[in-house]
file model-v3.cif (mmCIF, C-alpha atoms)
data_structure
#
loop_
_atom_site.label_atom_id
_atom_site.label_comp_id
_atom_site.auth_asym_id
_atom_site.auth_seq_id
_atom_site.Cartn_x
_atom_site.Cartn_y
_atom_site.Cartn_z
CA MET A 1 0.00 0.00 0.00
CA THR A 2 1.40 3.40 -0.95
CA ALA A 3 1.16 6.65 0.95
CA GLU A 4 -1.32 7.91 -1.66
CA THR A 5 -3.76 5.04 -1.17
CA LEU A 6 -3.46 5.51 2.60
CA MET A 7 -4.37 9.17 2.23
CA LEU A 8 -7.25 8.32 -0.07
CA ALA A 9 -8.57 5.78 2.44
CA GLY A 10 -8.14 8.32 5.26
CA GLY A 11 -9.95 11.00 3.29
CA VAL A 12 -12.89 8.72 2.45
CA THR A 13 -13.15 7.55 6.08
CA ALA A 14 -13.05 11.15 7.36
CA PHE A 15 -15.84 12.08 4.93
CA LEU A 16 -18.03 9.17 5.96
CA LEU A 17 -17.44 9.73 9.69
CA THR A 18 -18.30 13.42 9.44
CA VAL A 19 -21.47 12.81 7.47
CA TYR A 20 -22.51 10.03 9.87
CA TRP A 21 -22.07 12.21 13.00
CA VAL A 22 -23.81 15.23 11.52
CA ARG A 23 -26.68 13.01 10.36
CA SER A 24 -27.22 11.75 13.91
CA ARG A 25 -26.99 15.37 15.20
CA ASP A 26 -23.95 14.59 17.37
CA LEU A 27 -21.71 17.05 15.52
CA ARG A 28 -22.63 20.64 14.79
CA GLU A 29 -22.55 21.64 11.13
CA LYS A 30 -20.22 24.48 12.13
CA TYR A 31 -17.50 21.99 13.08
CA ALA A 32 -18.42 19.56 10.33
CA LEU A 33 -17.29 22.17 7.79
CA GLY A 34 -13.79 22.08 9.26
CA TRP A 35 -13.69 18.31 9.27
CA LEU A 36 -14.95 18.11 5.69
CA ALA A 37 -12.11 20.47 4.76
CA VAL A 38 -9.63 18.07 6.39
CA ALA A 39 -11.18 15.13 4.56
CA SER A 40 -11.00 17.01 1.26
CA LEU A 41 -7.35 17.86 1.86
CA LEU A 42 -6.56 14.19 2.47
CA LEU A 43 -8.42 13.16 -0.69
CA LEU A 44 -6.68 15.88 -2.69
CA LEU A 45 -3.25 14.78 -1.51
CA GLY A 46 -4.18 11.16 -2.21
CA ILE A 47 -5.25 11.90 -5.78
CA PHE A 48 -2.49 14.42 -6.54
CA PRO A 49 0.58 13.28 -4.56
CA GLU A 50 2.72 15.68 -6.59
CA LEU A 51 1.19 18.53 -4.56
CA ILE A 52 2.92 17.47 -1.39
CA MET A 53 6.02 16.36 -3.26
CA GLY A 54 6.30 19.82 -4.83
CA PHE A 55 5.91 21.37 -1.40
CA ALA A 56 8.56 19.02 0.06
CA GLU A 57 10.97 19.90 -2.70
CA ARG A 58 10.52 23.64 -2.35
CA ALA A 59 10.82 23.48 1.44
CA ARG A 60 13.83 21.15 1.13
CA LEU A 61 12.08 18.52 3.23
CA SER A 62 11.86 14.80 2.71
CA TYR A 63 8.42 13.47 1.80
CA PRO A 64 7.62 12.09 5.30
CA ALA A 65 8.80 15.30 6.93
CA ALA A 66 6.53 17.34 4.65
CA VAL A 67 3.54 15.14 5.50
CA LEU A 68 4.38 15.48 9.19
CA PHE A 69 4.61 19.25 8.86
CA VAL A 70 1.18 19.48 7.26
CA ALA A 71 -0.30 17.11 9.85
CA LEU A 72 1.19 18.98 12.80
CA THR A 73 -0.06 22.30 11.42
CA LEU A 74 -3.56 20.90 11.23
CA ILE A 75 -3.37 19.41 14.73
CA TYR A 76 -2.07 22.69 16.15
CA LEU A 77 -4.82 24.75 14.51
CA PHE A 78 -7.45 22.31 15.65
CA SER A 79 -6.26 22.20 19.29
CA PHE A 80 -5.98 25.94 19.44
CA THR A 81 -9.55 26.36 18.21
CA VAL A 82 -10.71 23.89 20.83
CA SER A 83 -8.91 25.91 23.56
CA VAL A 84 -10.61 29.10 22.42
CA SER A 85 -14.03 27.44 22.29
CA LEU A 86 -13.50 25.99 25.75
CA SER A 87 -12.66 29.44 27.10
CA HIS A 88 -15.87 30.85 25.60
CA LEU A 89 -17.84 27.98 27.02
CA TYR A 90 -16.22 28.48 30.43
CA ARG A 91 -17.20 32.17 30.50
CA ARG A 92 -20.77 31.30 29.60
CA THR A 93 -20.99 28.58 32.23
CA ILE A 94 -19.69 30.96 34.91
CA ARG A 95 -22.19 33.62 33.96
CA LEU A 96 -25.04 31.12 34.02
CA THR A 97 -23.90 29.64 37.35
CA GLN A 98 -23.85 33.10 38.91
CA GLU A 99 -27.22 34.05 37.47
CA VAL A 100 -28.80 30.83 38.71
CA ALA A 101 -27.38 31.37 42.20
CA ILE A 102 -28.60 34.99 42.38
CA LEU A 103 -32.04 34.13 40.98
CA LYS A 104 -32.40 31.29 43.45
CA GLN A 105 -31.63 33.69 46.29
CA ARG A 106 -34.25 36.14 45.00
CA LEU A 107 -36.79 33.37 44.64
CA GLY A 108 -36.14 32.24 48.21
CA ARG A 109 -36.64 35.78 49.46
CA LEU A 110 -39.91 36.17 47.52
CA GLU A 111 -41.22 32.85 48.79
CA GLN A 112 -40.43 33.89 52.32
CA GLN A 113 -42.22 37.24 51.90
CA LEU A 114 -45.20 35.47 50.42
CA ALA A 115 -45.34 32.99 53.27
CA GLU A 116 -45.26 35.82 55.78
CA ARG A 117 -48.13 37.62 54.02
CA THR A 118 -50.47 34.68 53.43
CA PRO A 119 -52.31 33.53 56.56
CA PRO A 120 -51.84 29.86 57.35
CA PRO A 121 -54.65 27.65 55.93
CA PRO A 122 -57.42 26.76 58.41
CA PRO A 123 -56.98 23.35 60.00
CA ALA A 124 -58.85 20.58 58.22
CA PRO A 125 -62.10 19.59 59.97
CA MET B 126 -26.65 54.35 50.75
CA LEU B 127 -25.73 50.94 52.09
CA ASN B 128 -22.42 49.12 51.91
CA LEU B 129 -22.21 45.43 51.09
CA LEU B 130 -19.76 43.05 52.71
CA VAL B 131 -19.07 40.03 50.50
CA LEU B 132 -17.78 36.88 52.20
CA PRO B 133 -16.72 34.19 49.73
CA ALA B 134 -16.90 30.86 51.58
CA PHE B 135 -15.63 27.47 50.52
CA LYS B 136 -15.57 24.79 53.22
CA GLU B 137 -15.80 27.32 56.07
CA GLU B 138 -18.42 25.65 58.27
CA GLU B 139 -16.13 25.91 61.31
CA ALA B 140 -14.80 29.43 60.77
CA LEU B 141 -18.06 31.12 59.74
CA PRO B 142 -19.68 31.33 63.22
CA LYS B 143 -16.51 32.89 64.67
CA THR B 144 -16.28 35.32 61.76
CA PHE B 145 -19.90 36.37 62.26
CA ALA B 146 -19.38 36.83 66.00
CA ALA B 147 -16.41 39.10 65.29
CA LEU B 148 -18.38 41.05 62.67
CA ASP B 149 -21.23 41.49 65.13
CA ARG B 150 -18.88 43.33 67.49
CA HIS B 151 -17.51 45.74 64.88
CA LEU B 152 -20.06 46.46 62.16
CA PRO B 153 -22.29 49.52 62.53
CA GLU B 154 -25.69 50.00 60.87
CA GLY B 155 -25.60 50.70 57.15
CA PHE B 156 -23.85 47.48 56.23
CA GLU B 157 -25.38 44.39 54.66
CA LEU B 158 -23.70 41.01 54.38
CA LEU B 159 -23.60 38.54 51.53
CA VAL B 160 -22.16 35.07 51.98
CA VAL B 161 -21.29 33.43 48.67
CA ASN B 162 -21.17 29.70 49.31
CA ASP B 163 -18.88 28.44 46.55
CA GLY B 164 -20.37 24.99 46.09
CA SER B 165 -18.97 23.71 49.39
CA PRO B 166 -19.41 19.97 49.92
CA ASP B 167 -19.70 20.42 53.71
CA ARG B 168 -22.34 22.26 55.76
CA THR B 169 -21.08 25.77 54.92
CA GLY B 170 -24.34 26.65 53.15
CA GLU B 171 -26.58 25.55 56.01
CA VAL B 172 -24.38 27.23 58.62
CA ALA B 173 -24.49 30.45 56.59
CA GLU B 174 -28.30 30.31 56.30
CA GLU B 175 -28.64 29.75 60.05
CA LEU B 176 -26.32 32.65 60.85
CA ALA B 177 -28.06 34.91 58.31
CA ALA B 178 -31.46 34.26 59.87
CA THR B 179 -30.41 35.59 63.27
CA PHE B 180 -27.70 38.16 62.46
CA ARG B 181 -28.24 41.73 63.61
CA LEU B 182 -27.70 43.20 60.11
CA PRO B 183 -29.51 42.13 56.90
CA THR B 184 -27.63 39.10 55.58
CA HIS B 185 -28.05 37.34 52.26
CA VAL B 186 -26.73 33.95 51.22
CA VAL B 187 -26.10 32.92 47.62
CA HIS B 188 -25.22 29.33 46.80
CA LEU B 189 -23.18 28.67 43.67
CA PRO B 190 -24.40 25.27 42.45
CA VAL B 191 -20.85 24.10 41.61
CA ASN B 192 -17.46 25.01 43.05
CA SER B 193 -16.17 27.78 40.80
CA GLY B 194 -13.16 29.38 42.48
CA ILE B 195 -12.55 32.50 44.57
CA GLY B 196 -12.70 34.99 41.70
CA VAL B 197 -16.07 33.71 40.52
CA ALA B 198 -17.42 33.73 44.08
CA VAL B 199 -16.33 37.33 44.67
CA GLN B 200 -17.66 38.40 41.29
CA THR B 201 -21.02 36.90 42.23
CA GLY B 202 -21.02 39.46 45.04
CA TYR B 203 -20.37 42.31 42.61
CA ARG B 204 -23.14 41.02 40.34
CA PHE B 205 -25.48 40.76 43.28
CA ALA B 206 -24.69 44.38 44.14
CA ALA B 207 -25.24 45.47 40.55
CA GLU B 208 -28.60 43.73 40.46
CA ARG B 209 -29.83 45.15 43.78
CA GLY B 210 -28.60 48.63 42.95
CA CYS B 211 -28.70 49.98 46.51
CA TYR B 212 -25.03 49.80 47.52
CA ARG B 213 -22.23 52.34 47.44
CA TYR B 214 -19.17 50.35 48.52
CA VAL B 215 -18.69 46.62 48.09
CA ILE B 216 -16.11 45.12 50.44
CA GLN B 217 -14.47 41.75 50.04
CA PHE B 218 -13.81 40.05 53.36
CA ASP B 219 -12.50 36.51 53.93
CA ALA B 220 -14.85 34.17 55.75
CA ASP B 221 -11.99 32.25 57.36
CA GLY B 222 -11.21 34.70 60.16
CA GLN B 223 -7.95 36.04 58.69
CA HIS B 224 -9.25 39.58 58.39
CA ASP B 225 -9.85 42.01 61.22
CA PRO B 226 -13.45 43.34 61.20
CA ALA B 227 -12.22 46.48 63.01
CA ALA B 228 -10.60 47.50 59.72
CA LEU B 229 -13.90 47.63 57.82
CA VAL B 230 -15.12 51.05 58.91
CA PRO B 231 -11.67 52.66 58.38
CA LEU B 232 -11.57 51.10 54.88
CA VAL B 233 -14.86 52.73 53.90
CA GLU B 234 -13.84 56.01 55.55
CA ALA B 235 -10.55 56.01 53.64
CA CYS B 236 -12.46 55.54 50.37
CA GLU B 237 -14.82 58.40 51.20
CA ARG B 238 -12.16 60.78 52.50
CA HIS B 239 -9.70 60.29 49.62
CA ASN B 240 -12.34 59.60 46.99
CA LEU B 241 -10.82 56.20 46.22
CA ASP B 242 -12.19 53.61 43.78
CA LEU B 243 -10.32 50.77 45.44
CA CYS B 244 -8.86 50.69 48.93
CA ILE B 245 -6.77 47.73 50.05
CA GLY B 246 -6.17 46.56 53.57
CA SER B 247 -2.38 46.09 53.63
CA ARG B 248 -0.69 43.91 56.23
CA PHE B 249 2.67 45.56 55.46
CA LEU B 250 1.76 49.11 56.48
CA ASP B 251 0.95 48.24 60.07
CA PRO B 252 3.20 50.56 62.14
CA THR B 253 3.34 48.19 65.13
CA GLY B 254 4.63 45.40 62.92
CA THR B 255 2.53 42.76 64.63
CA GLY B 256 0.14 40.35 63.02
CA PHE B 257 0.56 37.54 60.54
CA ARG B 258 2.57 38.49 57.49
CA SER B 259 2.67 35.23 55.60
CA THR B 260 5.70 33.06 54.88
CA PHE B 261 8.99 34.31 53.49
CA ALA B 262 8.43 32.78 50.04
CA ARG B 263 4.99 34.30 49.80
CA ARG B 264 6.22 37.71 50.93
CA LEU B 265 8.79 37.50 48.13
CA GLY B 266 5.97 36.82 45.65
CA ILE B 267 3.94 39.72 47.00
CA ARG B 268 6.91 42.10 46.60
CA PHE B 269 7.40 40.84 43.07
CA PHE B 270 3.77 41.63 42.16
CA ALA B 271 3.96 45.01 43.87
CA GLY B 272 7.08 45.79 41.81
CA LEU B 273 5.51 44.58 38.58
CA ILE B 274 2.35 46.61 39.12
CA GLY B 275 4.42 49.69 40.05
CA LEU B 276 6.60 49.28 36.97
CA LEU B 277 3.73 48.85 34.51
CA SER B 278 1.21 51.30 35.96
CA GLY B 279 3.22 53.73 38.08
CA VAL B 280 0.98 53.04 41.09
CA ARG B 281 2.75 51.99 44.29
CA VAL B 282 1.08 49.44 46.55
CA THR B 283 2.52 47.23 49.28
CA ASP B 284 0.02 44.36 49.44
CA PRO B 285 -1.39 43.53 46.01
CA THR B 286 -2.58 40.04 47.02
CA SER B 287 -4.63 41.16 50.00
CA GLY B 288 -8.18 39.82 49.92
CA LEU B 289 -9.45 42.62 52.16
CA ARG B 290 -10.48 45.40 49.82
CA CYS B 291 -13.17 47.98 49.44
CA ALA B 292 -14.38 48.83 45.95
CA GLY B 293 -16.30 51.94 44.93
CA PRO B 294 -19.00 51.91 42.24
CA ARG B 295 -16.65 52.69 39.35
CA ALA B 296 -14.51 49.66 40.23
CA TRP B 297 -17.13 47.13 41.25
CA SER B 298 -19.59 47.83 38.43
CA ARG B 299 -16.76 46.90 36.08
CA PHE B 300 -15.75 43.89 38.22
CA ALA B 301 -19.35 42.66 37.89
CA GLU B 302 -18.71 42.29 34.16
CA PHE B 303 -15.06 41.22 34.05
CA TYR B 304 -13.19 39.66 36.90
CA PRO B 305 -10.32 37.12 36.84
CA GLU B 306 -11.60 33.70 37.83
CA ASP B 307 -8.60 32.58 39.87
CA TYR B 308 -6.08 34.57 41.93
CA PRO B 309 -7.96 37.76 41.04
CA GLU B 310 -6.49 40.33 43.44
CA PRO B 311 -3.26 41.56 41.76
CA GLU B 312 -4.78 41.53 38.29
CA SER B 313 -7.95 43.43 39.20
CA LEU B 314 -5.86 45.93 41.16
CA PHE B 315 -3.61 46.43 38.15
CA TRP B 316 -6.65 46.93 35.94
CA CYS B 317 -7.84 49.75 38.23
CA ALA B 318 -4.41 51.37 38.34
CA ARG B 319 -3.94 51.16 34.58
CA ASN B 320 -7.31 52.70 33.84
CA GLY B 321 -6.76 55.71 36.04
CA LEU B 322 -8.99 54.66 38.92
CA ARG B 323 -7.87 55.88 42.32
CA VAL B 324 -6.20 53.16 44.37
CA GLY B 325 -5.13 53.45 48.00
CA GLU B 326 -4.13 51.37 51.01
CA ILE B 327 -4.65 51.45 54.75
CA PRO B 328 -2.77 49.39 57.34
CA VAL B 329 -4.56 46.31 58.74
CA THR B 330 -3.58 43.44 60.98
CA MET B 331 -4.15 39.94 59.72
CA ALA B 332 -4.36 36.70 61.64
CA ALA B 333 -3.28 33.24 60.59
CA ARG B 334 -6.11 31.19 59.12
CA GLN B 335 -8.69 29.84 61.56
CA GLY B 336 -9.75 26.80 59.60
CA GLY B 337 -10.37 25.64 56.07
CA GLU B 338 -7.69 25.46 53.44
CA SER B 339 -5.64 28.23 51.87
CA SER B 340 -6.59 28.62 48.24
CA ILE B 341 -2.91 28.83 47.39
CA ARG B 342 -1.26 25.48 48.01
CA ARG B 343 2.43 24.96 47.63
CA LEU B 344 2.27 23.02 44.37
CA ARG B 345 0.15 25.69 42.78
CA THR B 346 2.44 28.56 43.68
CA ALA B 347 4.43 28.37 40.46
CA TYR B 348 1.25 28.37 38.41
CA TYR B 349 -0.06 31.26 40.52
CA VAL B 350 2.98 33.45 39.96
CA MET B 351 3.18 32.74 36.24
CA LYS B 352 -0.54 33.07 35.58
CA VAL B 353 -0.85 36.39 37.42
CA THR B 354 2.32 37.77 35.79
CA LEU B 355 1.04 36.81 32.34
CA SER B 356 -2.37 38.33 33.09
CA ILE B 357 -0.86 41.62 34.24
CA VAL B 358 1.59 41.90 31.35
CA LEU B 359 -1.10 41.08 28.78
CA ASP B 360 -3.58 43.45 30.43
CA ARG B 361 -0.99 46.20 29.92
CA LEU B 362 -1.32 45.56 26.17
CA ARG B 363 -5.06 46.20 26.21
CA ARG B 364 -6.46 49.58 25.37
CA GLN B 365 -7.26 51.95 28.18
CA GLU B 366 -10.97 52.25 28.83
CA ALA B 367 -11.70 55.80 27.79
CA GLN B 368 -14.82 56.45 29.82
CA LEU B 369 -12.93 55.83 33.06
CA ALA B 370 -9.73 57.77 32.54
#
call {"tool": "encode", "arguments": {"input": "model-v3.cif", "output": "structure tokens"}}
result
Amino acid sequence: MTAETLMLAGGVTAFLLTVYWVRSRDLREKYALGWLAVASLLLLLGIFPELIMGFAERARLSYPAAVLFVALTLIYLFSFTVSVSLSHLYRRTIRLTQEVAILKQRLGRLEQQLAERTPPPPPAP
Amino acid sequence: MLNLLVLPAFKEEEALPKTFAALDRHLPEGFELLVVNDGSPDRTGEVAEELAATFRLPTHVVHLPVNSGIGVAVQTGYRFAAERGCYRYVIQFDADGQHDPAALVPLVEACERHNLDLCIGSRFLDPTGTGFRSTFARRLGIRFFAGLIGLLSGVRVTDPTSGLRCAGPRAWSRFAEFYPEDYPEPESLFWCARNGLRVGEIPVTMAARQGGESSIRRLRTAYYVMKVTLSIVLDRLRRQEAQLA
């Protein structure tokens, strides 16, 4: 098996996986776009291996090193995006946690006021 | 207008009653209390509710549903103040008995007299030199932050990590929106200094902790120093907020 067929297989698998997860609503379309781009890149490099060979030659890298470089770039970009999304998510969670806590306190106060105002129900006969 | 005392509390079921007893002796009318129970697994929440029900001054208790860290707990106090809209000064006060309640009125008076936006209770200005001043390594860290803040903002302080601080409306209304989630004191102080808010200090005496755990454990110290340094240096790169300067 050559590197090209491996990339082709990887690209096809990535496509199928992405479609499958979006179909079952486990992956947001927003992220699916990124993953489809990765799958397309793999397919492209599988069909036209000279793309990466040309890049390797111009960058004076061996073929495996060039593949590694591309892969690491992708992994870095992906992880960084995940870090940023996590930070957003963290901020939102904090805000919601605080709002819930404050609202609960207000609710407790209102309930107490209400209980003080309403006379106790007459005892059952 | 009223002043609000915010007591962030995580696992303080033992220290809280003593803290309340001490506050009872020193707090005049015109103060309200807010205990922010930071998702404590022990009975802190129940103890706080019991104390609040019988305390001489109006006392509120807010329970964060999950443990979220000191910065988030304190910020909940600022948000609470923003929502209620009836407070002038919001004072952060540790629930663990480290802080001296006798310093609270002087803190507010210092803010009023010198028109300060943030007044810090500093354990290093105490002329008698008594009281707990932390370990040598930690004092070194505190001096480092004081130097860094002085260098980058031109504002001299002696105790940038002190958790006893009184914030005026200009400071706390902003803290209600943005506040560092962990180790918030030096960074929020730097933010005030950098944006032209008036920062001051008064001497206070601090005690060693009465119970509970210090939020800064030995293994985390390196992370603490690096995280706060990075936060301060990066905050220096942000634009000054025009409406405040």
call {"tool": "interface_residues", "arguments": {"input": "model-v3.cif", "of": "chain A", "to": "chain B", "cutoff": "10 Å", "atoms": "all atoms listed in the file", "output": "mmCIF file with C-alpha atoms, in the coordinates of the input"}}
result
data_model
loop_
_atom_site.group_PDB
_atom_site.id
_atom_site.type_symbol
_atom_site.label_atom_id
_atom_site.label_comp_id
_atom_site.auth_asym_id
_atom_site.auth_seq_id
_atom_site.Cartn_x
_atom_site.Cartn_y
_atom_site.Cartn_z
ATOM 1 C CA ARG A 91 -17.200 32.170 30.500
ATOM 2 C CA THR A 93 -20.990 28.580 32.230
ATOM 3 C CA ILE A 94 -19.690 30.960 34.910
ATOM 4 C CA ARG A 95 -22.190 33.620 33.960
ATOM 5 C CA THR A 97 -23.900 29.640 37.350
ATOM 6 C CA GLN A 98 -23.850 33.100 38.910
ATOM 7 C CA GLU A 99 -27.220 34.050 37.470
ATOM 8 C CA VAL A 100 -28.800 30.830 38.710
ATOM 9 C CA ALA A 101 -27.380 31.370 42.200
ATOM 10 C CA ILE A 102 -28.600 34.990 42.380
ATOM 11 C CA LEU A 103 -32.040 34.130 40.980
ATOM 12 C CA LYS A 104 -32.400 31.290 43.450
ATOM 13 C CA GLN A 105 -31.630 33.690 46.290
ATOM 14 C CA ARG A 106 -34.250 36.140 45.000
ATOM 15 C CA ARG A 109 -36.640 35.780 49.460
#
call {"tool": "atom_distance", "arguments": {"input": "model-v3.cif", "atom1": "CA of Ser356 in chain B", "atom2": "CA of Ser287 in chain B"}}
result
17.3 Å
call {"tool": "closest_residue", "arguments": {"input": "model-v3.cif", "among": "B:Thr330, B:Pro166, B:Leu355, B:Glu154", "to": "Leu250 in chain B", "atoms": "all atoms listed in the file"}}
result
B:Thr330
call {"tool": "resolve_selection", "arguments": {"input": "model-v3.cif", "expression": "the PyMOL selection byres ((chain B and resi 319-325) around 6)", "output": "MDAnalysis selection string"}}
result
chainID B and resid 241:244 278 315:318 326 365 370
call {"tool": "atom_distance", "arguments": {"input": "model-v3.cif", "atom1": "CA of Phe269 in chain B", "atom2": "CA of Leu232 in chain B"}}
result
24.6 Å
call {"tool": "atom_distance", "arguments": {"input": "model-v3.cif", "atom1": "CA of Ala66 in chain A", "atom2": "CA of Leu43 in chain A"}}
result
16.4 Å
call {"tool": "resolve_selection", "arguments": {"input": "model-v3.cif", "expression": "the PyMOL selection byres ((chain B and resi 270) around 12)", "output": "PDB file with C-alpha atoms, keeping the file's coordinate frame"}}
result
ATOM      1  CA  ARG B 263       4.990  34.300  49.800  1.00  0.00           C
ATOM      2  CA  ARG B 264       6.220  37.710  50.930  1.00  0.00           C
ATOM      3  CA  LEU B 265       8.790  37.500  48.130  1.00  0.00           C
ATOM      4  CA  GLY B 266       5.970  36.820  45.650  1.00  0.00           C
ATOM      5  CA  ILE B 267       3.940  39.720  47.000  1.00  0.00           C
ATOM      6  CA  ARG B 268       6.910  42.100  46.600  1.00  0.00           C
ATOM      7  CA  PHE B 269       7.400  40.840  43.070  1.00  0.00           C
ATOM      8  CA  ALA B 271       3.960  45.010  43.870  1.00  0.00           C
ATOM      9  CA  GLY B 272       7.080  45.790  41.810  1.00  0.00           C
ATOM     10  CA  LEU B 273       5.510  44.580  38.580  1.00  0.00           C
ATOM     11  CA  ILE B 274       2.350  46.610  39.120  1.00  0.00           C
ATOM     12  CA  GLY B 275       4.420  49.690  40.050  1.00  0.00           C
ATOM     13  CA  LEU B 276       6.600  49.280  36.970  1.00  0.00           C
ATOM     14  CA  LEU B 277       3.730  48.850  34.510  1.00  0.00           C
ATOM     15  CA  SER B 278       1.210  51.300  35.960  1.00  0.00           C
ATOM     16  CA  VAL B 280       0.980  53.040  41.090  1.00  0.00           C
ATOM     17  CA  ARG B 281       2.750  51.990  44.290  1.00  0.00           C
ATOM     18  CA  VAL B 282       1.080  49.440  46.550  1.00  0.00           C
ATOM     19  CA  THR B 283       2.520  47.230  49.280  1.00  0.00           C
ATOM     20  CA  ASP B 284       0.020  44.360  49.440  1.00  0.00           C
ATOM     21  CA  PRO B 285      -1.390  43.530  46.010  1.00  0.00           C
ATOM     22  CA  THR B 286      -2.580  40.040  47.020  1.00  0.00           C
ATOM     23  CA  SER B 287      -4.630  41.160  50.000  1.00  0.00           C
ATOM     24  CA  GLU B 310      -6.490  40.330  43.440  1.00  0.00           C
ATOM     25  CA  PRO B 311      -3.260  41.560  41.760  1.00  0.00           C
ATOM     26  CA  GLU B 312      -4.780  41.530  38.290  1.00  0.00           C
ATOM     27  CA  LEU B 314      -5.860  45.930  41.160  1.00  0.00           C
ATOM     28  CA  PHE B 315      -3.610  46.430  38.150  1.00  0.00           C
ATOM     29  CA  TYR B 349      -0.060  31.260  40.520  1.00  0.00           C
ATOM     30  CA  VAL B 350       2.980  33.450  39.960  1.00  0.00           C
ATOM     31  CA  MET B 351       3.180  32.740  36.240  1.00  0.00           C
ATOM     32  CA  LYS B 352      -0.540  33.070  35.580  1.00  0.00           C
ATOM     33  CA  VAL B 353      -0.850  36.390  37.420  1.00  0.00           C
ATOM     34  CA  THR B 354       2.320  37.770  35.790  1.00  0.00           C
ATOM     35  CA  LEU B 355       1.040  36.810  32.340  1.00  0.00           C
ATOM     36  CA  SER B 356      -2.370  38.330  33.090  1.00  0.00           C
ATOM     37  CA  ILE B 357      -0.860  41.620  34.240  1.00  0.00           C
ATOM     38  CA  VAL B 358       1.590  41.900  31.350  1.00  0.00           C
TER      39      VAL B 358
END
call {"tool": "closest_residue", "arguments": {"input": "model-v3.cif", "among": "B:Ala301, B:Ile245, B:Val199, B:Ala220", "to": "Lys143 in chain B", "atoms": "all atoms listed in the file"}}
result
B:Ala220
call {"tool": "resolve_selection", "arguments": {"input": "model-v3.cif", "expression": "the PyMOL selection byres ((chain A and resi 45-57) around 7)", "output": "PyMOL selection string"}}
result
chain A and resi 4-5+7-8+41-44+58-63+66
call {"tool": "closest_residue", "arguments": {"input": "model-v3.cif", "among": "A:Arg23, A:Ser40, A:Glu111, A:Arg28", "to": "Ala9 in chain A", "atoms": "all atoms listed in the file"}}
result
A:Ser40
call {"tool": "residues_around", "arguments": {"input": "model-v3.cif", "residues": "Leu17 in chain A", "least_positions_apart": "3", "cutoff": "10 Å", "atoms": "only C-alpha atoms", "output": "MDAnalysis selection string"}}
result
chainID A and resid 11:14 20:23 32 35:36 39
call {"tool": "closest_residue", "arguments": {"input": "model-v3.cif", "among": "B:Ala207, B:Ala146, B:Asn128, B:Ala292", "to": "Asn240 in chain B", "atoms": "all atoms listed in the file"}}
result
B:Ala292
call {"tool": "residues_near_point", "arguments": {"input": "model-v3.cif", "point": "(-16.3, 37.3, 63.8)", "cutoff": "12 Å", "atoms": "all atoms listed in the file", "output": "PyMOL selection string"}}
result
chain B and resi 132+139-152+176+180+218-227+335
call {"tool": "residues_around", "arguments": {"input": "model-v3.cif", "residues": "Pro252 in chain B", "least_positions_apart": "6", "cutoff": "12 Å", "atoms": "only C-alpha atoms", "output": "list in words"}}
result
Ile327, Pro328, Val329 and Thr330 of chain B
call {"tool": "closest_residue", "arguments": {"input": "model-v3.cif", "among": "A:Ala65, A:Ala115, A:Leu89, A:Val38", "to": "Leu77 in chain A", "atoms": "all atoms listed in the file"}}
result
A:Val38
call {"tool": "axis_aligned_box", "arguments": {"input": "model-v3.cif", "around": "range 302-306 of chain B", "padding_each_side": "5 Å", "output": "lines of an AutoDock Vina configuration file"}}
result
center_x = -14.5
center_y = 38.0
center_z = 35.9
size_x = 18.4
size_y = 18.6
size_z = 13.8
call {"tool": "residues_around", "arguments": {"input": "model-v3.cif", "residues": "Phe257 in chain B", "least_positions_apart": "6", "cutoff": "8 Å", "atoms": "all atoms listed in the file", "output": "list in words"}}
result
Arg248, Thr330, Met331, Ala332 and Ala333 of chain B
call {"tool": "decode", "arguments": {"input": "model-v3.cif", "residues": "range 35-56 of chain A", "atoms": "C-alpha atoms", "output": "PDB file, in the first residue's frame"}}
result
ATOM      1  CA  TRP A  35     -13.688  18.314   9.269  1.00  0.00           C
ATOM      2  CA  LEU A  36     -14.946  18.107   5.689  1.00  0.00           C
ATOM      3  CA  ALA A  37     -12.108  20.469   4.756  1.00  0.00           C
ATOM      4  CA  VAL A  38      -9.626  18.069   6.387  1.00  0.00           C
ATOM      5  CA  ALA A  39     -11.182  15.129   4.559  1.00  0.00           C
ATOM      6  CA  SER A  40     -10.999  17.014   1.259  1.00  0.00           C
ATOM      7  CA  LEU A  41      -7.351  17.855   1.858  1.00  0.00           C
ATOM      8  CA  LEU A  42      -6.560  14.192   2.472  1.00  0.00           C
ATOM      9  CA  LEU A  43      -8.422  13.160  -0.692  1.00  0.00           C
ATOM     10  CA  LEU A  44      -6.683  15.885  -2.691  1.00  0.00           C
ATOM     11  CA  LEU A  45      -3.250  14.783  -1.512  1.00  0.00           C
ATOM     12  CA  GLY A  46      -4.180  11.161  -2.213  1.00  0.00           C
ATOM     13  CA  ILE A  47      -5.254  11.902  -5.781  1.00  0.00           C
ATOM     14  CA  PHE A  48      -2.490  14.420  -6.535  1.00  0.00           C
ATOM     15  CA  PRO A  49       0.579  13.280  -4.560  1.00  0.00           C
ATOM     16  CA  GLU A  50       2.717  15.678  -6.588  1.00  0.00           C
ATOM     17  CA  LEU A  51       1.187  18.533  -4.562  1.00  0.00           C
ATOM     18  CA  ILE A  52       2.918  17.469  -1.395  1.00  0.00           C
ATOM     19  CA  MET A  53       6.019  16.361  -3.264  1.00  0.00           C
ATOM     20  CA  GLY A  54       6.302  19.815  -4.830  1.00  0.00           C
ATOM     21  CA  PHE A  55       5.912  21.370  -1.402  1.00  0.00           C
ATOM     22  CA  ALA A  56       8.557  19.017   0.057  1.00  0.00           C
TER      23      ALA A  56
END
